[in-house]
Amino acid sequence: MNWLTNFVRPRFRALVAKQDVPDSLWDKCPICEAMIFHRDLEEAHFVCQHCGHHMRLPPKTRFQHLFDGGQYETIELPKAVVDPLKFRDSKRYVDRLKEAQSKTGRSDAIIVAHGTIKGNKTVIAAFDFSFMGGSMGVAVGEGLVSAAKLAVDQRAAFVAIPASGGARMQEGMLSLMQMPRTTIAVQQVKEAGLPYIVVLTDPTTGGVTASFAMLGDVQIAERGAQIGFAGARVIEETIRETLPEGFQRAEYLLEHGMVDIVCHRKELPGTLGRIIDLLLNAHAPKPAEPAAESKAENSSTNGSADTTPADDSMTASPNGTDNADAGSEKINNRKPVTGAKRPDAETGKAKFVGGGSGGGKSIGKALDDGQPKKA
Ligand SMILES: [Zn+2]
């Protein structure tokens, strides 16, 4: 019986499910409902050519898009304990996991790959939202810790690309423990003097927003991405007020200083490449001329001058030149900080995590809001 329910049934379901999603020639935009030729959509990196909606991407498509020449290697992630709490809601958690595994063909919601971006060694940890809403349990925490270690070992930049409803409620407290755990992992990258960059994609919410996803040296967001802690509906019900238009969208967060750049997906490899190059190689010339400090300063400003023209193409941000300037300014402001300990950047983020979330109490709410929607 066990063999039938545990092995045969999921396999059978997977077979049937695959037939449900044929390699159709046309895709439908979930926002403007336009029909788009699949090949066109692929060429446009799954951005709707009619309304500009950025569709969710599986990690492998992201890797191919971001790494030089689409060349990368994924790493094997350590096995995590499966269902330590023997959790069961309407279904057993083990069954949910198996279902997600056969649907996506991966063991959990995160994949870690390494390669180069604009010639610089980079490790990317990308989430798969189609795997239980990209929720963060022990396995995902494990993935982020491994990615951070790999980045430190390789002296590589670390890029996290979350797409997540938050902590995985089926793992209870253990999933919440991944918040400090991933925060420490990211801190190790920073302490090694390596850049840590976050690319916020739609959606990034709950415990993921409240931990590693808001701690980047540079915070990039894809256009239109929903980024927040508790869901808008929950906030509205709690404070009994109507929220402003565009609340929790990438552009809104840019206007309010929560992210540095809002980027069109097609410009993401270029933007990431420039930032990584700037942060990884900014201090390289300094040890060569330790004699006069003023000279070293000059050379560092020259260094940033080199990159300023490139920053023009930060026009990535949607509202035109204003934001482009703001974006590049912020990067320039932060640049010297990266080498040192960047105290201001961190307290700024810490304020957001605490203040923006309205305190620890709402963690449960975020879980309530993020997770069951997926189920
Ligand atoms: Zn559209």
# chains A, B, ... in the order shown; residues from 1 in each chain; ligands from 1

$ select_by_dssp --residues "segment 70-257 of chain A" --states "helix (DSSP H, G or I)" --output "compact mmCIF listing (two decimals) with N, CA and C atoms, in the first residue's frame"
# COMPACT_ATOMS: atom_id res chain seq x y z
N GLY A 70 25.37 32.14 -20.83
CA GLY A 70 24.44 31.14 -20.31
C GLY A 70 25.16 29.94 -19.69
N TYR A 93 2.32 17.07 4.94
CA TYR A 93 3.38 17.91 4.38
C TYR A 93 4.29 17.08 3.46
N VAL A 94 4.55 15.82 3.86
CA VAL A 94 5.40 14.97 3.01
C VAL A 94 4.78 14.81 1.63
N ASP A 95 3.46 14.68 1.59
CA ASP A 95 2.79 14.53 0.30
C ASP A 95 2.87 15.80 -0.53
N ARG A 96 2.70 16.94 0.15
CA ARG A 96 2.83 18.22 -0.55
C ARG A 96 4.22 18.35 -1.16
N LEU A 97 5.21 17.97 -0.36
CA LEU A 97 6.60 18.05 -0.82
C LEU A 97 6.80 17.18 -2.06
N LYS A 98 6.33 15.93 -1.95
CA LYS A 98 6.52 15.00 -3.07
C LYS A 98 5.85 15.53 -4.33
N GLU A 99 4.67 16.09 -4.13
CA GLU A 99 3.93 16.63 -5.27
C GLU A 99 4.73 17.75 -5.94
N ALA A 100 5.24 18.66 -5.09
CA ALA A 100 6.02 19.78 -5.62
C ALA A 100 7.29 19.27 -6.30
N GLN A 101 7.88 18.23 -5.72
CA GLN A 101 9.12 17.69 -6.29
C GLN A 101 8.86 17.06 -7.66
N SER A 102 7.75 16.33 -7.77
CA SER A 102 7.51 15.71 -9.08
C SER A 102 7.06 16.75 -10.10
N LYS A 103 6.42 17.82 -9.62
CA LYS A 103 5.97 18.87 -10.55
C LYS A 103 7.15 19.67 -11.10
N THR A 104 8.10 19.99 -10.20
CA THR A 104 9.18 20.88 -10.62
C THR A 104 10.46 20.13 -10.98
N MET A 132 6.01 25.17 -3.92
CA MET A 132 5.34 25.57 -2.67
C MET A 132 5.50 27.06 -2.39
N GLY A 133 5.25 27.87 -3.40
CA GLY A 133 5.30 29.32 -3.22
C GLY A 133 6.68 29.83 -2.84
N GLY A 134 7.72 29.09 -3.23
CA GLY A 134 9.09 29.53 -2.93
C GLY A 134 9.32 29.70 -1.44
N VAL A 138 13.86 24.57 6.02
CA VAL A 138 15.24 24.23 6.36
C VAL A 138 16.09 24.03 5.10
N ALA A 139 15.51 23.37 4.09
CA ALA A 139 16.28 23.08 2.87
C ALA A 139 16.70 24.37 2.16
N VAL A 140 15.80 25.35 2.13
CA VAL A 140 16.13 26.62 1.48
C VAL A 140 17.21 27.36 2.28
N GLY A 141 17.08 27.32 3.62
CA GLY A 141 18.10 27.92 4.48
C GLY A 141 19.46 27.29 4.20
N GLU A 142 19.43 25.96 4.09
CA GLU A 142 20.63 25.20 3.79
C GLU A 142 21.24 25.67 2.46
N GLY A 143 20.38 25.88 1.48
CA GLY A 143 20.83 26.34 0.17
C GLY A 143 21.51 27.69 0.25
N LEU A 144 20.92 28.61 1.01
CA LEU A 144 21.50 29.95 1.11
C LEU A 144 22.83 29.93 1.86
N VAL A 145 22.90 29.10 2.90
CA VAL A 145 24.15 28.99 3.65
C VAL A 145 25.25 28.43 2.73
N SER A 146 24.90 27.38 1.96
CA SER A 146 25.88 26.79 1.04
C SER A 146 26.33 27.81 0.00
N ALA A 147 25.39 28.59 -0.50
CA ALA A 147 25.72 29.58 -1.52
C ALA A 147 26.67 30.63 -0.96
N ALA A 148 26.39 31.08 0.27
CA ALA A 148 27.24 32.09 0.89
C ALA A 148 28.66 31.53 1.10
N LYS A 149 28.73 30.27 1.56
CA LYS A 149 30.04 29.65 1.79
C LYS A 149 30.81 29.55 0.48
N LEU A 150 30.09 29.14 -0.57
CA LEU A 150 30.74 29.00 -1.87
C LEU A 150 31.29 30.35 -2.34
N ALA A 151 30.50 31.39 -2.14
CA ALA A 151 30.93 32.73 -2.55
C ALA A 151 32.22 33.11 -1.81
N VAL A 152 32.26 32.84 -0.50
CA VAL A 152 33.45 33.18 0.28
C VAL A 152 34.65 32.35 -0.19
N ASP A 153 34.42 31.05 -0.41
CA ASP A 153 35.51 30.17 -0.86
C ASP A 153 36.07 30.62 -2.20
N GLN A 154 35.17 31.01 -3.10
CA GLN A 154 35.62 31.38 -4.45
C GLN A 154 35.99 32.85 -4.58
N MET A 169 5.32 27.47 6.53
CA MET A 169 4.63 27.26 7.80
C MET A 169 4.58 25.80 8.22
N GLN A 170 4.70 24.89 7.24
CA GLN A 170 4.67 23.46 7.60
C GLN A 170 5.89 23.06 8.42
N GLU A 171 6.90 23.92 8.47
CA GLU A 171 8.08 23.60 9.27
C GLU A 171 8.14 24.44 10.53
N GLY A 172 7.07 25.18 10.78
CA GLY A 172 6.93 25.91 12.04
C GLY A 172 8.15 26.72 12.43
N MET A 173 8.55 26.59 13.67
CA MET A 173 9.66 27.33 14.23
C MET A 173 10.95 27.13 13.44
N LEU A 174 11.10 25.90 12.89
CA LEU A 174 12.33 25.62 12.15
C LEU A 174 12.46 26.51 10.92
N SER A 175 11.33 26.84 10.30
CA SER A 175 11.40 27.72 9.14
C SER A 175 11.73 29.15 9.59
N LEU A 176 11.19 29.56 10.74
CA LEU A 176 11.51 30.91 11.23
C LEU A 176 12.98 31.02 11.60
N GLN A 178 15.33 29.99 9.99
CA GLN A 178 16.12 30.27 8.79
C GLN A 178 16.33 31.77 8.59
N MET A 179 15.52 32.58 9.24
CA MET A 179 15.71 34.03 9.10
C MET A 179 17.03 34.48 9.70
N PRO A 180 17.29 34.22 11.00
CA PRO A 180 18.62 34.57 11.52
C PRO A 180 19.74 33.79 10.83
N ARG A 181 19.45 32.55 10.45
CA ARG A 181 20.49 31.72 9.85
C ARG A 181 20.97 32.31 8.52
N THR A 182 20.02 32.70 7.69
CA THR A 182 20.42 33.27 6.40
C THR A 182 21.04 34.65 6.58
N THR A 183 20.58 35.37 7.61
CA THR A 183 21.15 36.69 7.89
C THR A 183 22.64 36.55 8.23
N ILE A 184 22.95 35.53 9.03
CA ILE A 184 24.35 35.30 9.41
C ILE A 184 25.17 34.87 8.18
N ALA A 185 24.56 34.03 7.34
CA ALA A 185 25.26 33.57 6.13
C ALA A 185 25.66 34.76 5.27
N VAL A 186 24.73 35.70 5.12
CA VAL A 186 24.97 36.88 4.30
C VAL A 186 26.04 37.77 4.96
N GLN A 187 25.99 37.83 6.28
CA GLN A 187 26.95 38.63 7.02
C GLN A 187 28.37 38.11 6.78
N GLN A 188 28.49 36.78 6.65
CA GLN A 188 29.82 36.19 6.43
C GLN A 188 30.38 36.64 5.07
N VAL A 189 29.49 36.74 4.09
CA VAL A 189 29.93 37.23 2.78
C VAL A 189 30.42 38.67 2.91
N LYS A 190 29.67 39.47 3.66
CA LYS A 190 30.03 40.89 3.83
C LYS A 190 31.35 41.02 4.58
N GLU A 191 31.50 40.19 5.62
CA GLU A 191 32.73 40.27 6.41
C GLU A 191 33.95 39.86 5.59
N GLY A 206 6.94 38.23 3.39
CA GLY A 206 7.05 37.47 4.64
C GLY A 206 8.46 37.37 5.19
N GLY A 207 8.76 36.21 5.75
CA GLY A 207 10.04 35.99 6.43
C GLY A 207 11.25 36.15 5.54
N VAL A 208 11.06 36.03 4.23
CA VAL A 208 12.19 36.21 3.32
C VAL A 208 12.54 37.70 3.24
N THR A 209 11.50 38.54 3.13
CA THR A 209 11.73 39.99 3.14
C THR A 209 12.33 40.41 4.48
N PHE A 212 17.32 37.84 4.82
CA PHE A 212 18.42 38.10 3.89
C PHE A 212 18.03 38.97 2.69
N ALA A 213 16.73 38.97 2.32
CA ALA A 213 16.34 39.63 1.07
C ALA A 213 16.40 41.15 1.14
N MET A 214 16.53 41.73 2.33
CA MET A 214 16.59 43.19 2.43
C MET A 214 17.96 43.66 2.90
N ALA A 232 -0.99 43.03 1.61
CA ALA A 232 -1.72 44.30 1.62
C ALA A 232 -3.10 44.13 2.27
N ARG A 233 -3.75 43.03 1.99
CA ARG A 233 -5.09 42.81 2.53
C ARG A 233 -5.05 42.75 4.06
N VAL A 234 -4.06 42.04 4.58
CA VAL A 234 -3.93 41.91 6.04
C VAL A 234 -3.68 43.27 6.67
N ILE A 235 -2.81 44.08 6.03
CA ILE A 235 -2.50 45.40 6.57
C ILE A 235 -3.75 46.26 6.57
N GLU A 236 -4.49 46.21 5.47
CA GLU A 236 -5.71 47.02 5.37
C GLU A 236 -6.71 46.65 6.45
N GLU A 237 -6.85 45.34 6.67
CA GLU A 237 -7.80 44.90 7.69
C GLU A 237 -7.34 45.29 9.08
N THR A 238 -6.02 45.32 9.28
CA THR A 238 -5.50 45.64 10.61
C THR A 238 -5.59 47.13 10.90
N ILE A 239 -5.13 47.96 9.96
CA ILE A 239 -5.10 49.40 10.25
C ILE A 239 -6.39 50.09 9.81
N ALA A 250 7.53 47.46 -6.65
CA ALA A 250 8.94 47.85 -6.75
C ALA A 250 9.11 49.37 -6.89
N GLU A 251 8.28 49.99 -7.76
CA GLU A 251 8.43 51.42 -8.04
C GLU A 251 8.13 52.25 -6.79
N TYR A 252 7.13 51.82 -6.04
CA TYR A 252 6.75 52.50 -4.80
C TYR A 252 7.90 52.43 -3.80
N LEU A 253 8.52 51.27 -3.73
CA LEU A 253 9.63 51.08 -2.80
C LEU A 253 10.84 51.91 -3.21
N LEU A 254 11.02 52.07 -4.53
CA LEU A 254 12.13 52.91 -5.01
C LEU A 254 11.90 54.36 -4.59
N GLU A 255 10.65 54.84 -4.78
CA GLU A 255 10.32 56.22 -4.40
C GLU A 255 10.53 56.44 -2.91

$ residues_near_ligand --ligand "ligand 1" --cutoff "7 Å" --atoms "only C-alpha atoms and all ligand atoms" --output "number ranges by chain"
A: 29-34, 48-53

$ select_by_dssp --residues "segment 6-214 of chain A" --states "strand (DSSP E)" --output "ChimeraX atom specification"
/A:26-28,35-37,72-74,110-117,120-127,157-161,196-200

$ write_last_selection --atoms "N, CA and C atoms" --output "mmCIF file, in the first residue's frame"
data_model
loop_
_atom_site.group_PDB
_atom_site.id
_atom_site.type_symbol
_atom_site.label_atom_id
_atom_site.label_comp_id
_atom_site.auth_asym_id
_atom_site.auth_seq_id
_atom_site.Cartn_x
_atom_site.Cartn_y
_atom_site.Cartn_z
ATOM 1 N N TRP A 26 1.218 29.274 -27.696
ATOM 2 C CA TRP A 26 0.794 30.585 -27.217
ATOM 3 C C TRP A 26 0.747 30.635 -25.702
ATOM 4 N N ASP A 27 1.101 31.772 -25.148
ATOM 5 C CA ASP A 27 0.944 31.988 -23.715
ATOM 6 C C ASP A 27 0.048 33.192 -23.513
ATOM 7 N N LYS A 28 -0.577 33.211 -22.349
ATOM 8 C CA LYS A 28 -1.477 34.314 -22.060
ATOM 9 C C LYS A 28 -0.878 35.146 -20.937
ATOM 10 N N MET A 35 -2.614 37.329 -25.895
ATOM 11 C CA MET A 35 -1.997 36.067 -26.274
ATOM 12 C C MET A 35 -0.640 36.385 -26.911
ATOM 13 N N ILE A 36 0.379 35.705 -26.439
ATOM 14 C CA ILE A 36 1.730 35.989 -26.939
ATOM 15 C C ILE A 36 2.335 34.697 -27.467
ATOM 16 N N PHE A 37 2.939 34.785 -28.628
ATOM 17 C CA PHE A 37 3.613 33.645 -29.237
ATOM 18 C C PHE A 37 4.756 33.218 -28.304
ATOM 19 N N TYR A 72 26.895 28.011 -16.647
ATOM 20 C CA TYR A 72 26.940 27.975 -15.181
ATOM 21 C C TYR A 72 26.965 26.542 -14.710
ATOM 22 N N GLU A 73 27.290 26.362 -13.439
ATOM 23 C CA GLU A 73 27.237 25.031 -12.837
ATOM 24 C C GLU A 73 26.409 25.109 -11.576
ATOM 25 N N THR A 74 25.491 24.179 -11.415
ATOM 26 C CA THR A 74 24.730 24.165 -10.165
ATOM 27 C C THR A 74 25.490 23.326 -9.154
ATOM 28 N N ILE A 110 14.939 26.126 -3.911
ATOM 29 C CA ILE A 110 16.092 26.982 -4.220
ATOM 30 C C ILE A 110 17.116 26.218 -5.065
ATOM 31 N N ILE A 111 17.778 26.932 -5.957
ATOM 32 C CA ILE A 111 18.888 26.353 -6.707
ATOM 33 C C ILE A 111 20.067 27.307 -6.609
ATOM 34 N N VAL A 112 21.245 26.735 -6.423
ATOM 35 C CA VAL A 112 22.451 27.553 -6.323
ATOM 36 C C VAL A 112 23.360 27.223 -7.498
ATOM 37 N N ALA A 113 23.823 28.252 -8.181
ATOM 38 C CA ALA A 113 24.704 28.038 -9.327
ATOM 39 C C ALA A 113 25.857 29.028 -9.268
ATOM 40 N N HIS A 114 26.965 28.661 -9.886
ATOM 41 C CA HIS A 114 28.073 29.613 -9.968
ATOM 42 C C HIS A 114 28.601 29.679 -11.395
ATOM 43 N N GLY A 115 29.145 30.830 -11.708
ATOM 44 C CA GLY A 115 29.667 31.082 -13.043
ATOM 45 C C GLY A 115 30.260 32.475 -13.031
ATOM 46 N N THR A 116 30.264 33.129 -14.184
ATOM 47 C CA THR A 116 30.760 34.506 -14.194
ATOM 48 C C THR A 116 29.697 35.439 -14.764
ATOM 49 N N ILE A 117 29.702 36.676 -14.261
ATOM 50 C CA ILE A 117 28.875 37.732 -14.841
ATOM 51 C C ILE A 117 29.830 38.861 -15.195
ATOM 52 N N ASN A 120 33.270 38.379 -13.924
ATOM 53 C CA ASN A 120 33.528 38.288 -12.485
ATOM 54 C C ASN A 120 32.837 37.070 -11.888
ATOM 55 N N LYS A 121 33.580 36.348 -11.057
ATOM 56 C CA LYS A 121 33.013 35.161 -10.419
ATOM 57 C C LYS A 121 31.779 35.538 -9.606
ATOM 58 N N THR A 122 30.715 34.796 -9.803
ATOM 59 C CA THR A 122 29.467 35.099 -9.103
ATOM 60 C C THR A 122 28.753 33.815 -8.709
ATOM 61 N N VAL A 123 28.189 33.829 -7.517
ATOM 62 C CA VAL A 123 27.324 32.736 -7.077
ATOM 63 C C VAL A 123 25.908 33.283 -7.002
ATOM 64 N N ILE A 124 24.967 32.566 -7.613
ATOM 65 C CA ILE A 124 23.566 33.011 -7.544
ATOM 66 C C ILE A 124 22.738 31.952 -6.841
ATOM 67 N N ALA A 125 21.927 32.396 -5.883
ATOM 68 C CA ALA A 125 20.934 31.516 -5.274
ATOM 69 C C ALA A 125 19.572 32.014 -5.725
ATOM 70 N N ALA A 126 18.866 31.199 -6.516
ATOM 71 C CA ALA A 126 17.587 31.646 -7.070
ATOM 72 C C ALA A 126 16.444 30.771 -6.558
ATOM 73 N N PHE A 127 15.327 31.421 -6.276
ATOM 74 C CA PHE A 127 14.146 30.722 -5.771
ATOM 75 C C PHE A 127 13.243 30.299 -6.916
ATOM 76 N N ALA A 157 31.210 37.221 -5.989
ATOM 77 C CA ALA A 157 30.058 38.017 -5.566
ATOM 78 C C ALA A 157 28.901 37.070 -5.300
ATOM 79 N N PHE A 158 28.028 37.462 -4.384
ATOM 80 C CA PHE A 158 26.881 36.631 -4.059
ATOM 81 C C PHE A 158 25.606 37.384 -4.439
ATOM 82 N N VAL A 159 24.802 36.753 -5.285
ATOM 83 C CA VAL A 159 23.542 37.363 -5.701
ATOM 84 C C VAL A 159 22.388 36.461 -5.263
ATOM 85 N N ALA A 160 21.471 37.018 -4.500
ATOM 86 C CA ALA A 160 20.284 36.250 -4.113
ATOM 87 C C ALA A 160 19.094 36.754 -4.919
ATOM 88 N N ILE A 161 18.319 35.809 -5.466
ATOM 89 C CA ILE A 161 17.141 36.190 -6.248
ATOM 90 C C ILE A 161 15.903 35.528 -5.629
ATOM 91 N N TYR A 196 27.347 41.587 -1.800
ATOM 92 C CA TYR A 196 26.115 40.802 -1.694
ATOM 93 C C TYR A 196 24.993 41.641 -2.302
ATOM 94 N N ILE A 197 24.408 41.119 -3.368
ATOM 95 C CA ILE A 197 23.392 41.872 -4.102
ATOM 96 C C ILE A 197 22.096 41.075 -4.134
ATOM 97 N N VAL A 198 20.989 41.777 -3.928
ATOM 98 C CA VAL A 198 19.699 41.101 -3.967
ATOM 99 C C VAL A 198 18.908 41.596 -5.178
ATOM 100 N N VAL A 199 18.357 40.654 -5.930
ATOM 101 C CA VAL A 199 17.446 41.009 -7.010
ATOM 102 C C VAL A 199 16.055 40.566 -6.571
ATOM 103 N N LEU A 200 15.248 41.532 -6.160
ATOM 104 C CA LEU A 200 13.909 41.219 -5.671
ATOM 105 C C LEU A 200 12.986 40.967 -6.855
#

$ residues_around --residues "Ala163 of chain A" --least-positions-apart "4" --cutoff "6 Å" --atoms "only C-alpha atoms" --output "list of chain:residue names"
A:Phe127, A:Phe129, A:Gly134, A:Thr201, A:Asp202, A:Pro203, A:Thr204

$ write_last_selection --atoms "C-alpha atoms" --output "mmCIF file, in the first residue's frame"
data_model
loop_
_atom_site.group_PDB
_atom_site.id
_atom_site.type_symbol
_atom_site.label_atom_id
_atom_site.label_comp_id
_atom_site.auth_asym_id
_atom_site.auth_seq_id
_atom_site.Cartn_x
_atom_site.Cartn_y
_atom_site.Cartn_z
ATOM 1 C CA PHE A 127 14.146 30.722 -5.771
ATOM 2 C CA PHE A 129 8.110 30.206 -6.791
ATOM 3 C CA GLY A 134 9.087 29.527 -2.930
ATOM 4 C CA THR A 201 11.429 39.519 -7.956
ATOM 5 C CA ASP A 202 7.691 39.103 -7.856
ATOM 6 C CA PRO A 203 6.717 38.278 -5.155
ATOM 7 C CA THR A 204 9.086 38.664 -2.211
#

$ closest_residue --among "A:Arg223, A:Arg106, A:His264, A:Arg56" --to "Ser164 of chain A" --atoms "only C-alpha atoms"
A:Arg56

$ closest_residue --among "A:His256, A:Arg168, A:Lys118, A:Lys79" --to "Gly270 of chain A" --atoms "only C-alpha atoms"
A:Lys118

$ atom_distance --atom1 "atom CA of Gly137 of chain A" --atom2 "atom CA of Arg92 of chain A"
15.7 Å

$ atom_distance --atom1 "atom CA of Pro58 of chain A" --atom2 "atom CA of Ala210 of chain A"
22.7 Å

$ closest_residue --among "A:Leu268, A:Ile261, A:Leu280, A:Ile275" --to "Arg155 of chain A" --atoms "only C-alpha atoms"
A:Leu280
